[in-house]
Every structure is written in structure tokens, then in C-alpha cells.
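Participant: Sharing a structure, written as C-alpha cells. Questions coming.
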Amino acid sequence: MDFKELINARRSVNFFDSARGVPENLLREMVAMASQAPSSFNLQPWSLIVVKDPERKKRLQKLAWDQPKVSEAPVILIVLADRDAWQSGHPFVERNFQEMIRAGMMTEEQRDWFKNARESLYGYSDDARQAFANKNSGFFTMGLMLAAKSLGLETHPMDGFDLEGVRREFSIPENYWVPLLLAVGYFKDTESLAPPKWRKTYDEIVVNFK
Ligand SMILES: Cc1cc2nc3c(=O)[nH]c(=O)nc-3n(C[C@H](O)[C@H](O)[C@H](O)COP(=O)(O)O)c2cc1C
């Protein structure tokens with residue numbers, strides 16, 4: 001499948017084959033592919049909770065508008081976006097800085113420059129901190145869906161869930177926002193796929209304000 005076919009074929013499927021699990025190697029490959037997503041300063045502020053256990057999925061379903069796909073899909077990924085993954089002292093921020101030094105892209109003397117750059121972009125308000133989490137995790141999540149499709153898997157993104165309920169149930173720390181739940185699995189081929197949804201055209205997407 002070339003990229004054009006892939007992007008046109010991806011759908012949010014409602015029916016998953018509960019009897020067909022996602023092989024661990026495919027799940028790992030899917031996440032590795034998605035991790036190629038771009039991110040601000042390559043800070044990669046995303047994490048995943050992988051939910052496969054039927055009891056945990058049932059509890060999650062109750063917190064997600066009781067959507068049946070939450071327990072029918074063999075895997076639910078709780079996508080996490082770290083609102084603090086730009087701050088000094090964060091382990092991945094430090095790792096990132098060391099990797100850039102190792103790659104010859106920065107020097108130890110640029111530590112303060114890097115800190116100021118991050119703080120000026122993300123440290124001035126809660127909205128800026130939240131936007132940092134939103135935009136980067138969105139690219140990652142789109143990558144998860146396309147990677148899944150390329151591996152023969154189907155997905156369904158969901159934001160119909162009780163964020164604070166999910167936070168409590170899975171003990172998710174406050175610095176993480178939860179952009180989405182992502183159901184992953186194989187299509188239940190006794191069901192039929194709904195027709196593709198309408199999309200805005202180029203002329204509807206392009207705007208001018210002057
Ligand atoms: C951020 C986001 C949240 C969504 N939340 C839900 C949801 O809670 N339940 C649901 O059935 N579909 C949900 N969807 C799926 C959309 O309805 C679907 O992507 C859209 O109708 C286009 O269909 P397609 O993905 O099959 O092309 C969500 C999609 C996105 C991107």
C-alpha cells in the first residue's frame with residue numbers, strides 16, 4: 001500500500017475482533033514508527049499506557065461513555081502528553097540535551113540558551129504548557145494510526161471519556177494530559193465498515209483574513 005492508499009484507507013473502525021489479539025512485535029513496531037513524529041526541540045513529550053487486561057478495559061469503558069469498542073478492541077492505548085517535558089531537570093530534557101551534544105548539534109555552553117528558549121516558548125502560561133502537550137502528542141497519535149494501518153491493524157481515536165476519572169483509575173500524574181484513548185486491533189469482518197466520511201475541500205480549508 002503506498003502512502004496515498006494508506007491515508008485514504010485509514011478509518012476509525014467501530015467493530016474489533018475481540019478474539020484476535022495484537023501481536024507484541026506489531027504493537028512495538030507501530031509505536032517505533034510513530035515515535036518518528038516530529039516534536040518541538042525533539043522533546044517527544046508523549047507516553048502510552050497499554051491496556052489489554054479485560055477487567056481494566058471494562059473499567060475504562062465505564063469511564064469512556066460506555067463505548068463498547070473500549071472493551072472489544074484487544075488493545076487500548078491511553079495516550080499521555082507530558083505538559084512538563086520542556087522543564088529543566090526533566091529526565092528526557094536532560095537526555096535530549098546530552099544527545100544533541102553527542103551529535104555535535106549543541107555544546108555544554110548552550111545549556112542556558114536552550115533553557116531560555118524552552119521557557120520563553122512554554123513557560124509563560126498554563127495555556128502555553130498545554131499547547132506544547134497538545135501539538136506534539138497530536139503528531140505522535142496520527143503516526144500511531146497510520147503506522148497501525150500500514151501493519152494491517154485498525155484503530156479508533158476517542159476523546160469521549162472522563163479525563164479525571166481515567167486519571168484516578170490509572171493513577172496518572174497531574175503533569176500528564178490525556179489527549180486520547182486509541183483502540184487498536186483487527187476489524188471484525190462479520191461487520192460492515194461505514195462509508196467514508198465527508199471532508200472539507202482545498203477551497204474550504206484555505207482562508208484569508210485580509
Ligand atoms: C480527537 C478525536 C476524538 C474522537 N473521539 C471519538 C469518540 O469518543 N468516539 C467515537 O466514536 N469516535 C471518536 N472520534 C472519531 C471521529 O468521529 C472520526 O475520526 C471522524 O468521524 C472521521 O472518521 P474517520 O476517522 O473514519 O475518517 C474521534 C476522533 C478524534 C480525532
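Simple scheme: letters A, B, ... for chains in C-alpha cells order, numbers from 1 for residues in each chain, numbers from 1 for ligands in the order shown.
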Which residues sit within 6 Å of ligand 1, counting only C-alpha atoms and all ligand atoms, listed as JSON, numbers by chain?

Facilitator: {"A": [11, 12, 157, 158, 159, 160, 197]}

Participant: Mind listing the helix (DSSP H, G or I) residues of region 69-140 of chain A, per DSSP on the backbone, as a ChimeraX atom specification?

Facilitator: /A:69-72,91-102,108-122,126-140

Participant: Choose the residue, out of A:Gly165, A:Ile205, A:Ile78, A:Phe3, that has the smallest atom-to-atom separation from Ile49 (chain A); count only C-alpha atoms.

Facilitator: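 Of A:Gly165, A:Ile205, A:Ile78, A:Phe3, the one nearest Ile49 (chain A), counting only C-alpha atoms, is A:Ile78.
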
Participant: Please, which residues in region 36-72 of chain A fall within 10 Å of region 173-178 of chain A when counting only C-alpha atoms, and what is the closest atom pair and distance in Å to one decimal for each, ordered by chain then residue number, as JSON lines?

Facilitator:
{"residue": "A:Pro45", "atom": "CA", "partner": "A:Tyr176", "partner_atom": "CA", "distance": 9.3}
{"residue": "A:Trp46", "atom": "CA", "partner": "A:Tyr176", "partner_atom": "CA", "distance": 8.9}
{"residue": "A:Ser47", "atom": "CA", "partner": "A:Tyr176", "partner_atom": "CA", "distance": 8.9}
{"residue": "A:Leu48", "atom": "CA", "partner": "A:Val178", "partner_atom": "CA", "distance": 9.6}

Participant: Could you name the residues that touch Pro68 (chain A) at 10 Å or less, counting only C-alpha atoms, but leaving out those on the same chain fewer than 5 positions away, as a count of residues only?

Facilitator: 8

Participant: I need the residue nearest Leu80 (chain A) from this list: A:Tyr186, A:Phe114, A:Tyr202, A:Phe170. Use only C-alpha atoms for the distance.

Facilitator: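 Under the stated criterion, the closest residue is A:Phe170.
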
Participant: Looking at only C-alpha atoms, which of A:Met106, A:Ser40, A:Val50, A:Asp127 is the one that sits closest to Glu24 (chain A)?

Facilitator: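 Answer, going by the shortest atom-to-atom distance: A:Val50.
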
Participant: From the options A:Arg111, A:Arg20, A:Arg59, A:Lys149, which residue's atoms come nearest to Met1 (chain A), counting only C-alpha atoms?

Facilitator: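 Nearest to Met1 (chain A): A:Lys149.
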
Participant: What parts of region 12-193 of chain A does DSSP call strand (DSSP E or B)? I'd like the answer as an MDAnalysis selection string.

Facilitator: chainID A and resid 12 16 46:51 75:82 154:158 176:185 187

Participant: Take the residues from that selection and write them out as a PDB file, in the first residue's frame, keeping C-alpha atoms.

Facilitator:
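out15.pdb was written with the following content:
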ATOM      1  CA  SER A  12     -11.987   4.947  12.714  1.00  0.00           C
ATOM      2  CA  PHE A  16     -12.977  -5.005  16.523  1.00  0.00           C
ATOM      3  CA  TRP A  46       4.443  11.507  24.771  1.00  0.00           C
ATOM      4  CA  SER A  47       3.930   8.273  26.668  1.00  0.00           C
ATOM      5  CA  LEU A  48       1.463   5.415  26.465  1.00  0.00           C
ATOM      6  CA  ILE A  49      -0.353   3.207  28.926  1.00  0.00           C
ATOM      7  CA  VAL A  50      -1.085  -0.103  27.176  1.00  0.00           C
ATOM      8  CA  VAL A  51      -4.334  -1.641  28.386  1.00  0.00           C
ATOM      9  CA  VAL A  75      -5.579  -3.126  22.979  1.00  0.00           C
ATOM     10  CA  ILE A  76      -6.423   0.339  24.214  1.00  0.00           C
ATOM     11  CA  LEU A  77      -3.633   2.871  24.257  1.00  0.00           C
ATOM     12  CA  ILE A  78      -4.064   5.697  26.725  1.00  0.00           C
ATOM     13  CA  VAL A  79      -2.062   8.451  25.053  1.00  0.00           C
ATOM     14  CA  LEU A  80      -0.320  10.742  27.519  1.00  0.00           C
ATOM     15  CA  ALA A  81       1.114  14.170  26.809  1.00  0.00           C
ATOM     16  CA  ASP A  82       3.613  15.493  29.330  1.00  0.00           C
ATOM     17  CA  GLU A 154      -7.209  -0.782  12.608  1.00  0.00           C
ATOM     18  CA  THR A 155      -7.668   1.997  15.138  1.00  0.00           C
ATOM     19  CA  HIS A 156     -10.267   4.268  16.671  1.00  0.00           C
ATOM     20  CA  PRO A 157      -9.332   7.525  18.427  1.00  0.00           C
ATOM     21  CA  MET A 158     -11.614   8.636  21.252  1.00  0.00           C
ATOM     22  CA  TYR A 176       0.206  14.373  32.012  1.00  0.00           C
ATOM     23  CA  TRP A 177      -2.754  15.428  29.952  1.00  0.00           C
ATOM     24  CA  VAL A 178      -4.686  12.615  28.257  1.00  0.00           C
ATOM     25  CA  PRO A 179      -5.371  13.660  24.655  1.00  0.00           C
ATOM     26  CA  LEU A 180      -6.919  10.413  23.519  1.00  0.00           C
ATOM     27  CA  LEU A 181      -7.743   6.801  24.015  1.00  0.00           C
ATOM     28  CA  LEU A 182      -6.787   4.791  20.949  1.00  0.00           C
ATOM     29  CA  ALA A 183      -8.422   1.429  20.279  1.00  0.00           C
ATOM     30  CA  VAL A 184      -6.170  -0.913  18.274  1.00  0.00           C
ATOM     31  CA  GLY A 185      -6.926  -4.296  16.775  1.00  0.00           C
ATOM     32  CA  PHE A 187     -11.565  -5.347  12.076  1.00  0.00           C
TER      33      PHE A 187
END

Participant: Which of these residues is nearest to Gly123 (chain A), using only C-alpha atoms: A:Leu60, A:Ala32, A:Trp86, A:Glu94?

Facilitator: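 Residue with the minimum atom-to-atom distance to Gly123 (chain A): A:Trp86.
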
Participant: Would you compute the distance between CA of Ser39 (chain A) and CA of Asn136 (chain A)? Give it in Å to one decimal.

Facilitator: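 Those two atoms sit 5.4 Å apart.
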
Participant: What separation in Å, quoted to one decimal, exists between CA of Ser71 (chain A) and CA of Glu169 (chain A)?

Facilitator: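 A separation of 15.5 Å between them.
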
Participant: Using only C-alpha atoms, find the one residue out of A:Asn208, A:Val93, A:Asp203, A:Leu163 that sits nearest to Leu63 (chain A).

Facilitator: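 Looking only at the distances to Leu63 (chain A), the closest residue turns out to be A:Leu163.
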
Participant: One number please: CA of Glu109 (chain A) to CA of Ser125 (chain A), in Å, one decimal.

Facilitator: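 The value is 27.1 Å.
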